[in-house]
Amino acid sequence: MAEIDRSLIGKWGPEGSMRVEFGKIREFARAVKEDDPLFFDEARSLAPPTFLMTVALWIGGLGETRSAVKLDLPRVLHGEQEFEYVKPIHAGDVLTFRSRTKEVFEKEGKRGGKMLFVVGETEFRNQHGDVVAYSRSTVIETAGAVRE
Amino acid sequence: MSRGAEGNGMRRFYEDVKEGQDLPAFVVQNLTRTDLVRYAGASGDFNPIHHDEEFARMAGNPSVFGHGMLTAGFVGKCVSDFVGVENLRRFKVRFATRVWPGDTITCKGRVTKRYEHDGEKRIDGEVVALNQKGEVAVSGSFSAALPTRG
């Protein structure tokens with residue numbers, strides 16, 4: 001089972017920073033089969049809806065993500081992903097981001113057994129200091145090993 | 001294939017959208033392993049279960065399978081074509097069944113609500129990605145603020 005340190009829930013972890021490169025937007029847009037010319041024109045290129053996933057990998061590198069919960073990984077599912085968009089993200093923007101464990105709660109599973117829900121949140125600010133987006137990821141630790 | 005001209009660049013006005021209106025469907029025919037590898041590279045998610053056949057089989061799967069967020073990205077395309085990416089305020093997905101190479105994935109949605117919020121003309125909608133058997137791979141919802149003719 002997961003180990004939970006409730007004193008860390010809500011506490012922001014360290015900040016990271018990343019430039020939103022046009023080449024990455026174009027590559028990502030192609031991968032998710034976006035075909036709007038907007039994504040392929042550097043002068044007006046905006047991040048596609050799920051583009052912030054490209055940052056997730058580097059947040060992990062900060063080492064303290066979801067520090068409130070140590071999950072038992074073979075039992076973990078990515079249950080939900082949510083993005084809240086406050087301002088458009090343009091190619092060339094430099095984003096500063098930080099993450100926290102927002103919420104931890106338990107629910108009774110459909111087939112019995114407790115399921116642990118962990119909501120992680122990442123906040124993104126641009127080079128002007130404005131919050132541009134939040135990304136929220138819900139992972140679920142099931143009572144048994146994950147199966148279809 | 002693409003109804004590009006509509007969601008792409010052309011403005012869809014709040015006045016033109018009705019509750020219950022369908023979003024045009026976006027269909028990905030015959031998902032390939034190359035699609036999975038391309039998404040791995042673009043997103044940085046190199047979990048081998050999505051590109052290494054041997055690894056996937058050792059883990060008890062019939063083959064590699066798609067990243068949940070790849071399907072979510074297809075649904076995002078369906079939504080951004082309809083509302084314009086700069087107008088999107090919220091997008092949420094829930095993962096259900098997995099998608100496999102060879103699957104045909106149909107993304108579609110519906111406007112569920114029109115309302116005003118923070119001085120903006122908003123719409124909410126629900127979206128879904130189905131495989132060729134009609135099983136739900138991803139379900140979700142969105143909110144967007146649309147321009148007005150005003």
# chains A, B, ... in the order shown; residues from 1 in each chain; ligands from 1

call {"tool": "residues_around", "arguments": {"residues": "A:Ala68", "least_positions_apart": "4", "cutoff": "6 Å", "atoms": "only C-alpha atoms", "output": "list in words"}}
result
Ile4, Asp5, Leu8 and Ile9 of chain A

call {"tool": "write_last_selection", "arguments": {"atoms": "C-alpha atoms", "output": "PDB file, in the first residue's frame"}}
result
ATOM      1  CA  ILE A   4       1.042   8.911   2.788  1.00  0.00           C
ATOM      2  CA  ASP A   5       2.585  11.918   4.499  1.00  0.00           C
ATOM      3  CA  LEU A   8       2.963  17.458   2.551  1.00  0.00           C
ATOM      4  CA  ILE A   9      -0.468  17.651   0.897  1.00  0.00           C
TER       5      ILE A   9
END

call {"tool": "residues_around", "arguments": {"residues": "stretch 81-86 of chain B", "least_positions_apart": "3", "cutoff": "7 Å", "atoms": "only C-alpha atoms", "output": "list in words"}}
result
Pro48, Pro49 and Pro88 of chain A; Gly7, Asn8, Arg12, Leu23, Lys77, Cys78 and Ala144 of chain B

call {"tool": "write_last_selection", "arguments": {"atoms": "N, CA and C atoms", "output": "PDB file, in the first residue's frame"}}
result
ATOM      1  N   PRO A  48      -1.230  22.931 -28.481  1.00  0.00           N
ATOM      2  CA  PRO A  48      -2.453  22.117 -28.563  1.00  0.00           C
ATOM      3  C   PRO A  48      -2.974  21.777 -27.158  1.00  0.00           C
ATOM      4  N   PRO A  49      -4.238  21.319 -27.058  1.00  0.00           N
ATOM      5  CA  PRO A  49      -4.870  21.150 -25.735  1.00  0.00           C
ATOM      6  C   PRO A  49      -4.083  20.295 -24.744  1.00  0.00           C
ATOM      7  N   PRO A  88      -3.674  31.779 -23.395  1.00  0.00           N
ATOM      8  CA  PRO A  88      -3.056  30.954 -24.442  1.00  0.00           C
ATOM      9  C   PRO A  88      -1.548  30.805 -24.219  1.00  0.00           C
TER      10      PRO A  88
ATOM     11  N   GLY B   7     -13.289  24.475 -37.890  1.00  0.00           N
ATOM     12  CA  GLY B   7     -12.696  24.780 -36.600  1.00  0.00           C
ATOM     13  C   GLY B   7     -11.380  25.485 -36.791  1.00  0.00           C
ATOM     14  N   ASN B   8     -10.797  25.288 -37.905  1.00  0.00           N
ATOM     15  CA  ASN B   8      -9.464  25.797 -38.169  1.00  0.00           C
ATOM     16  C   ASN B   8      -9.523  27.237 -38.631  1.00  0.00           C
ATOM     17  N   ARG B  12     -16.082  30.320 -34.764  1.00  0.00           N
ATOM     18  CA  ARG B  12     -17.414  29.802 -34.495  1.00  0.00           C
ATOM     19  C   ARG B  12     -17.987  30.693 -33.407  1.00  0.00           C
ATOM     20  N   LEU B  23     -20.527  17.846 -32.046  1.00  0.00           N
ATOM     21  CA  LEU B  23     -19.231  18.231 -32.615  1.00  0.00           C
ATOM     22  C   LEU B  23     -18.970  17.289 -33.789  1.00  0.00           C
ATOM     23  N   LYS B  77      -8.109  17.214 -30.368  1.00  0.00           N
ATOM     24  CA  LYS B  77      -8.178  17.720 -31.729  1.00  0.00           C
ATOM     25  C   LYS B  77      -9.638  17.949 -32.146  1.00  0.00           C
ATOM     26  N   CYS B  78     -10.493  17.008 -31.781  1.00  0.00           N
ATOM     27  CA  CYS B  78     -11.929  17.113 -32.074  1.00  0.00           C
ATOM     28  C   CYS B  78     -12.499  18.384 -31.419  1.00  0.00           C
ATOM     29  N   ALA B 144     -15.509  26.092 -23.014  1.00  0.00           N
ATOM     30  CA  ALA B 144     -14.847  27.059 -23.892  1.00  0.00           C
ATOM     31  C   ALA B 144     -15.595  28.374 -23.841  1.00  0.00           C
TER      32      ALA B 144
END

call {"tool": "closest_atom_pairs", "arguments": {"of": "chain A", "to": "chain B", "cutoff": "10 Å", "atoms": "only C-alpha atoms", "output": "CSV"}}
result
residue,atom,partner,partner_atom,distance
A:Lys24,CA,B:Ala42,CA,7.1
A:Ile25,CA,B:Ala42,CA,8.7
A:Arg26,CA,B:Ala42,CA,9.2
A:Glu27,CA,B:Ala42,CA,5.8
A:Phe28,CA,B:Ala42,CA,4.9
A:Ala29,CA,B:Ala42,CA,8.6
A:Arg30,CA,B:Arg38,CA,8.5
A:Ala31,CA,B:Tyr39,CA,5.1
A:Val32,CA,B:Gly73,CA,5.1
A:Lys33,CA,B:Phe74,CA,6.7
A:Glu34,CA,B:Lys77,CA,5.5
A:Asp35,CA,B:Gly4,CA,7.2
A:Asp36,CA,B:Asn8,CA,5.2
A:Pro37,CA,B:Asn8,CA,7.4
A:Leu38,CA,B:Gly9,CA,7.3
A:Phe39,CA,B:Val85,CA,9.8
A:Leu46,CA,B:Glu86,CA,7.6
A:Ala47,CA,B:Val85,CA,8.0
A:Pro48,CA,B:Val85,CA,6.7
A:Pro49,CA,B:Gly76,CA,5.7
A:Thr50,CA,B:Gly73,CA,5.9
A:Phe51,CA,B:Ser43,CA,7.8
A:Leu52,CA,B:Ser43,CA,8.8
A:Met53,CA,B:Ser43,CA,6.2
A:Thr54,CA,B:Ser43,CA,4.5
A:Val55,CA,B:Ser43,CA,8.1
A:Ala56,CA,B:Gly44,CA,8.3
A:Leu57,CA,B:Gly44,CA,6.3
A:Trp58,CA,B:Gly44,CA,9.0
A:Leu77,CA,B:Phe95,CA,9.1
A:His78,CA,B:Phe95,CA,7.3
A:Gly79,CA,B:Phe95,CA,5.6
A:Glu80,CA,B:Arg94,CA,4.4
A:Gln81,CA,B:Val93,CA,5.4
A:Glu82,CA,B:Lys92,CA,4.1
A:Phe83,CA,B:Phe91,CA,5.2
A:Glu84,CA,B:Arg90,CA,4.4
A:Tyr85,CA,B:Arg89,CA,4.7
A:Val86,CA,B:Arg89,CA,6.6
A:Lys87,CA,B:Glu86,CA,7.9
A:Pro88,CA,B:Glu86,CA,5.6
A:Ile89,CA,B:Glu86,CA,8.5
A:His90,CA,B:Glu86,CA,9.8
A:Ala133,CA,B:Arg89,CA,9.1
A:Tyr134,CA,B:Arg90,CA,9.4
A:Ser135,CA,B:Lys92,CA,9.6
A:Arg136,CA,B:Lys92,CA,8.9
A:Ser137,CA,B:Lys92,CA,9.6
A:Thr138,CA,B:Arg94,CA,9.2
A:Arg147,CA,B:Gly60,CA,9.5
A:Glu148,CA,B:Thr97,CA,7.7

call {"tool": "residues_around", "arguments": {"residues": "stretch 104-120 of chain B", "least_positions_apart": "4", "cutoff": "6 Å", "atoms": "only C-alpha atoms", "output": "ChimeraX atom specification"}}
result
/B:19-23,25-30,75,124-132,145

call {"tool": "write_last_selection", "arguments": {"atoms": "C-alpha atoms", "output": "compact mmCIF listing (two decimals), in the first residue's frame"}}
result
# COMPACT_ATOMS: atom_id res chain seq x y z
CA GLU B 19 -27.30 23.01 -26.69
CA GLY B 20 -27.40 19.43 -27.91
CA GLN B 21 -25.40 20.24 -31.05
CA ASP B 22 -22.93 17.57 -32.13
CA LEU B 23 -19.23 18.23 -32.61
CA ALA B 25 -16.53 13.46 -35.46
CA PHE B 26 -12.79 12.96 -35.89
CA VAL B 27 -11.84 9.44 -36.92
CA VAL B 28 -8.41 7.81 -36.72
CA GLN B 29 -8.47 4.78 -38.99
CA ASN B 30 -6.19 1.86 -38.26
CA VAL B 75 -10.17 13.96 -28.53
CA ASP B 124 -19.73 23.10 -21.95
CA GLY B 125 -19.62 19.83 -23.77
CA GLU B 126 -19.04 16.13 -23.35
CA VAL B 127 -16.70 14.11 -25.54
CA VAL B 128 -15.87 10.49 -26.07
CA ALA B 129 -13.41 8.31 -28.00
CA LEU B 130 -14.83 4.95 -29.08
CA ASN B 131 -13.09 1.98 -30.63
CA GLN B 132 -14.57 0.07 -33.60
CA ALA B 145 -15.48 30.79 -24.19

call {"tool": "select_by_dssp", "arguments": {"residues": "stretch 93-129 of chain A", "states": "strand (DSSP E)", "output": "NGL selection string"}}
result
:A and (94-108 or 114-125)

call {"tool": "residues_around", "arguments": {"residues": "A:Val139", "least_positions_apart": "3", "cutoff": "12 Å", "atoms": "only C-alpha atoms", "output": "ChimeraX atom specification"}}
result
/A:2,66,69-73,75-82,101-106,115-121,136,142 /B:94-95

call {"tool": "write_last_selection", "arguments": {"atoms": "N, CA and C atoms", "output": "compact mmCIF listing (two decimals), in the first residue's frame"}}
result
# COMPACT_ATOMS: atom_id res chain seq x y z
N ALA A 2 0.22 2.32 -0.41
CA ALA A 2 0.93 3.60 -0.50
C ALA A 2 1.27 4.11 0.90
N ARG A 66 4.58 14.82 -6.21
CA ARG A 66 3.71 13.93 -5.44
C ARG A 66 4.43 13.40 -4.20
N VAL A 69 2.82 11.27 -1.32
CA VAL A 69 2.41 9.88 -1.43
C VAL A 69 3.47 9.05 -2.16
N LYS A 70 3.87 7.98 -1.55
CA LYS A 70 4.72 7.02 -2.25
C LYS A 70 3.82 5.87 -2.70
N LEU A 71 3.61 5.79 -4.01
CA LEU A 71 2.65 4.81 -4.53
C LEU A 71 3.31 3.47 -4.77
N ASP A 72 2.45 2.43 -4.72
CA ASP A 72 2.89 1.08 -5.04
C ASP A 72 2.66 0.91 -6.55
N LEU A 73 3.69 1.16 -7.36
CA LEU A 73 3.52 1.39 -8.80
C LEU A 73 2.80 0.29 -9.59
N ARG A 75 0.32 -1.19 -8.92
CA ARG A 75 -1.13 -1.06 -8.67
C ARG A 75 -1.67 0.28 -9.16
N VAL A 76 -0.87 1.03 -9.88
CA VAL A 76 -1.27 2.40 -10.19
C VAL A 76 -1.81 2.54 -11.61
N LEU A 77 -2.93 3.25 -11.73
CA LEU A 77 -3.55 3.58 -13.02
C LEU A 77 -3.63 5.09 -13.16
N HIS A 78 -3.45 5.59 -14.39
CA HIS A 78 -3.74 6.99 -14.66
C HIS A 78 -5.24 7.07 -14.91
N GLY A 79 -5.97 7.64 -13.97
CA GLY A 79 -7.43 7.62 -14.06
C GLY A 79 -8.00 8.76 -14.86
N GLU A 80 -7.52 9.98 -14.54
CA GLU A 80 -8.07 11.17 -15.18
C GLU A 80 -6.96 12.18 -15.41
N GLN A 81 -7.19 13.04 -16.40
CA GLN A 81 -6.27 14.15 -16.65
C GLN A 81 -7.12 15.37 -16.98
N GLU A 82 -6.81 16.47 -16.33
CA GLU A 82 -7.57 17.69 -16.56
C GLU A 82 -6.63 18.86 -16.82
N THR A 101 0.91 17.79 -4.46
CA THR A 101 -0.18 16.83 -4.26
C THR A 101 -1.35 17.65 -3.76
N LYS A 102 -2.41 17.68 -4.55
CA LYS A 102 -3.53 18.56 -4.20
C LYS A 102 -4.48 17.88 -3.23
N GLU A 103 -4.69 16.60 -3.45
CA GLU A 103 -5.75 15.91 -2.72
C GLU A 103 -5.46 14.42 -2.69
N VAL A 104 -5.77 13.78 -1.58
CA VAL A 104 -5.66 12.32 -1.47
C VAL A 104 -6.94 11.82 -0.82
N PHE A 105 -7.62 10.88 -1.47
CA PHE A 105 -8.84 10.35 -0.85
C PHE A 105 -9.04 8.89 -1.25
N GLU A 106 -9.85 8.21 -0.45
CA GLU A 106 -10.13 6.79 -0.72
C GLU A 106 -11.57 6.61 -1.14
N MET A 115 -9.78 1.87 -2.99
CA MET A 115 -8.96 2.47 -4.02
C MET A 115 -8.50 3.84 -3.52
N LEU A 116 -7.21 4.11 -3.70
CA LEU A 116 -6.65 5.37 -3.26
C LEU A 116 -6.52 6.31 -4.46
N PHE A 117 -7.08 7.51 -4.35
CA PHE A 117 -7.02 8.51 -5.41
C PHE A 117 -6.05 9.61 -5.00
N VAL A 118 -5.11 9.90 -5.88
CA VAL A 118 -4.14 10.96 -5.62
C VAL A 118 -4.22 11.97 -6.75
N VAL A 119 -4.55 13.22 -6.41
CA VAL A 119 -4.64 14.27 -7.42
C VAL A 119 -3.40 15.15 -7.33
N GLY A 120 -2.60 15.12 -8.38
CA GLY A 120 -1.42 15.98 -8.48
C GLY A 120 -1.75 17.18 -9.34
N GLU A 121 -1.22 18.33 -8.97
CA GLU A 121 -1.52 19.55 -9.73
C GLU A 121 -0.21 20.25 -10.10
N ARG A 136 -3.98 18.82 -14.00
CA ARG A 136 -4.30 17.98 -12.83
C ARG A 136 -4.42 16.53 -13.26
N THR A 142 -4.99 0.74 -6.96
CA THR A 142 -6.06 -0.23 -6.74
C THR A 142 -5.66 -1.18 -5.60
N ARG B 94 -11.15 11.04 -18.91
CA ARG B 94 -11.11 9.87 -18.02
C ARG B 94 -10.79 8.67 -18.91
N PHE B 95 -9.88 7.82 -18.43
CA PHE B 95 -9.44 6.70 -19.24
C PHE B 95 -10.25 5.45 -18.93

call {"tool": "residues_around", "arguments": {"residues": "B:Val99", "least_positions_apart": "2", "cutoff": "7 Å", "atoms": "only C-alpha atoms", "output": "PyMOL selection string"}}
result
chain B and resi 65-66+97+103+137

call {"tool": "write_last_selection", "arguments": {"atoms": "C-alpha atoms", "output": "mmCIF file, in the first residue's frame"}}
result
data_model
loop_
_atom_site.group_PDB
_atom_site.id
_atom_site.type_symbol
_atom_site.label_atom_id
_atom_site.label_comp_id
_atom_site.auth_asym_id
_atom_site.auth_seq_id
_atom_site.Cartn_x
_atom_site.Cartn_y
_atom_site.Cartn_z
ATOM 1 C CA PHE B 65 -1.056 -0.541 -26.788
ATOM 2 C CA GLY B 66 -1.672 3.186 -27.092
ATOM 3 C CA THR B 97 -10.507 0.704 -22.138
ATOM 4 C CA ASP B 103 -8.092 -0.011 -33.935
ATOM 5 C CA ALA B 137 -11.570 4.367 -24.614
#

call {"tool": "atom_distance", "arguments": {"atom1": "atom CA of A:Arg19", "atom2": "atom CA of A:Arg100"}}
result
21.2 Å

call {"tool": "select_by_dssp", "arguments": {"residues": "stretch 16-144 of chain A", "states": "alpha helix (DSSP H)", "output": "list in words"}}
result
Phe22, Gly23, Lys24, Ile25, Arg26, Glu27, Phe28, Ala29, Arg30, Ala31, Met53, Thr54, Val55, Ala56, Leu57, Trp58, Ile59 and Gly60 of chain A

call {"tool": "write_last_selection", "arguments": {"atoms": "N, CA and C atoms", "output": "JSON list (two decimals), in the first residue's frame"}}
result
[["chain", "number", "residue", "atom", "x", "y", "z"],
["A", 22, "PHE", "N", 8.69, 26.09, -30.84],
["A", 22, "PHE", "CA", 7.80, 25.87, -31.98],
["A", 22, "PHE", "C", 7.96, 24.45, -32.54],
["A", 23, "GLY", "N", 9.20, 23.99, -32.63],
["A", 23, "GLY", "CA", 9.45, 22.65, -33.18],
["A", 23, "GLY", "C", 8.74, 21.57, -32.37],
["A", 24, "LYS", "N", 8.68, 21.76, -31.06],
["A", 24, "LYS", "CA", 8.00, 20.78, -30.19],
["A", 24, "LYS", "C", 6.49, 20.84, -30.39],
["A", 25, "ILE", "N", 5.97, 22.05, -30.52],
["A", 25, "ILE", "CA", 4.53, 22.19, -30.77],
["A", 25, "ILE", "C", 4.16, 21.48, -32.07],
["A", 26, "ARG", "N", 4.95, 21.73, -33.11],
["A", 26, "ARG", "CA", 4.66, 21.15, -34.42],
["A", 26, "ARG", "C", 4.74, 19.62, -34.37],
["A", 27, "GLU", "N", 5.77, 19.13, -33.68],
["A", 27, "GLU", "CA", 5.95, 17.67, -33.54],
["A", 27, "GLU", "C", 4.79, 17.04, -32.76],
["A", 28, "PHE", "N", 4.40, 17.71, -31.69],
["A", 28, "PHE", "CA", 3.32, 17.19, -30.85],
["A", 28, "PHE", "C", 1.99, 17.24, -31.60],
["A", 29, "ALA", "N", 1.75, 18.36, -32.29],
["A", 29, "ALA", "CA", 0.50, 18.52, -33.06],
["A", 29, "ALA", "C", 0.39, 17.39, -34.09],
["A", 30, "ARG", "N", 1.48, 17.08, -34.75],
["A", 30, "ARG", "CA", 1.45, 16.01, -35.75],
["A", 30, "ARG", "C", 1.16, 14.67, -35.09],
["A", 31, "ALA", "N", 1.74, 14.44, -33.92],
["A", 31, "ALA", "CA", 1.55, 13.16, -33.23],
["A", 31, "ALA", "C", 0.10, 12.93, -32.82],
["A", 53, "MET", "N", 1.57, 17.88, -21.51],
["A", 53, "MET", "CA", 2.11, 16.55, -21.17],
["A", 53, "MET", "C", 3.60, 16.47, -21.49],
["A", 54, "THR", "N", 4.06, 17.27, -22.43],
["A", 54, "THR", "CA", 5.48, 17.22, -22.80],
["A", 54, "THR", "C", 6.37, 17.71, -21.65],
["A", 55, "VAL", "N", 5.77, 18.41, -20.70],
["A", 55, "VAL", "CA", 6.55, 18.92, -19.57],
["A", 55, "VAL", "C", 6.62, 17.89, -18.44],
["A", 56, "ALA", "N", 5.64, 16.98, -18.43],
["A", 56, "ALA", "CA", 5.50, 16.05, -17.30],
["A", 56, "ALA", "C", 6.80, 15.28, -17.01],
["A", 57, "LEU", "N", 7.43, 14.84, -18.09],
["A", 57, "LEU", "CA", 8.67, 14.08, -17.95],
["A", 57, "LEU", "C", 9.72, 14.84, -17.16],
["A", 58, "TRP", "N", 9.79, 16.13, -17.42],
["A", 58, "TRP", "CA", 10.83, 16.95, -16.79],
["A", 58, "TRP", "C", 10.47, 17.34, -15.38],
["A", 59, "ILE", "N", 9.18, 17.36, -15.07],
["A", 59, "ILE", "CA", 8.77, 17.62, -13.69],
["A", 59, "ILE", "C", 9.23, 16.45, -12.81],
["A", 60, "GLY", "N", 9.08, 15.23, -13.34],
["A", 60, "GLY", "CA", 9.54, 14.05, -12.61],
["A", 60, "GLY", "C", 11.00, 14.19, -12.22]]

call {"tool": "decode", "arguments": {"residues": "stretch 13-32 of chain A", "atoms": "N, CA and C atoms", "output": "short mmCIF file (atom, residue, chain, number, x, y, z; two decimals), in the first residue's frame"}}
result
data_model
loop_
_atom_site.label_atom_id
_atom_site.label_comp_id
_atom_site.auth_asym_id
_atom_site.auth_seq_id
_atom_site.Cartn_x
_atom_site.Cartn_y
_atom_site.Cartn_z
N GLY A 13 6.17 21.90 -4.67
CA GLY A 13 7.54 21.42 -4.82
C GLY A 13 8.40 22.48 -5.50
N PRO A 14 9.63 22.12 -5.87
CA PRO A 14 10.55 23.08 -6.48
C PRO A 14 10.07 23.50 -7.88
N GLU A 15 10.55 24.66 -8.33
CA GLU A 15 10.17 25.16 -9.65
C GLU A 15 11.12 24.67 -10.72
N GLY A 16 10.56 24.50 -11.89
CA GLY A 16 11.36 24.23 -13.07
C GLY A 16 10.97 25.24 -14.14
N SER A 17 11.72 25.28 -15.22
CA SER A 17 11.43 26.25 -16.26
C SER A 17 11.70 25.64 -17.62
N MET A 18 10.92 26.03 -18.61
CA MET A 18 11.08 25.44 -19.93
C MET A 18 10.54 26.39 -21.01
N ARG A 19 11.29 26.51 -22.10
CA ARG A 19 10.81 27.30 -23.23
C ARG A 19 9.89 26.43 -24.08
N VAL A 20 8.78 27.00 -24.51
CA VAL A 20 7.87 26.30 -25.41
C VAL A 20 8.39 26.49 -26.83
N GLU A 21 9.00 25.46 -27.36
CA GLU A 21 9.62 25.57 -28.68
C GLU A 21 8.61 25.29 -29.79
N PHE A 22 8.69 26.09 -30.84
CA PHE A 22 7.80 25.87 -31.98
C PHE A 22 7.96 24.45 -32.54
N GLY A 23 9.20 23.99 -32.63
CA GLY A 23 9.45 22.65 -33.18
C GLY A 23 8.74 21.57 -32.37
N LYS A 24 8.68 21.76 -31.06
CA LYS A 24 8.00 20.78 -30.19
C LYS A 24 6.49 20.84 -30.39
N ILE A 25 5.97 22.05 -30.52
CA ILE A 25 4.53 22.19 -30.77
C ILE A 25 4.16 21.48 -32.07
N ARG A 26 4.95 21.73 -33.11
CA ARG A 26 4.66 21.15 -34.42
C ARG A 26 4.74 19.62 -34.37
N GLU A 27 5.77 19.13 -33.68
CA GLU A 27 5.95 17.67 -33.54
C GLU A 27 4.79 17.04 -32.76
N PHE A 28 4.40 17.71 -31.69
CA PHE A 28 3.32 17.19 -30.85
C PHE A 28 1.99 17.24 -31.60
N ALA A 29 1.75 18.36 -32.29
CA ALA A 29 0.50 18.52 -33.06
C ALA A 29 0.39 17.39 -34.09
N ARG A 30 1.48 17.08 -34.75
CA ARG A 30 1.45 16.01 -35.75
C ARG A 30 1.16 14.67 -35.09
N ALA A 31 1.74 14.44 -33.92
CA ALA A 31 1.55 13.16 -33.23
C ALA A 31 0.10 12.93 -32.82
N VAL A 32 -0.61 14.00 -32.45
CA VAL A 32 -2.02 13.83 -32.06
C VAL A 32 -2.96 14.14 -33.23
#
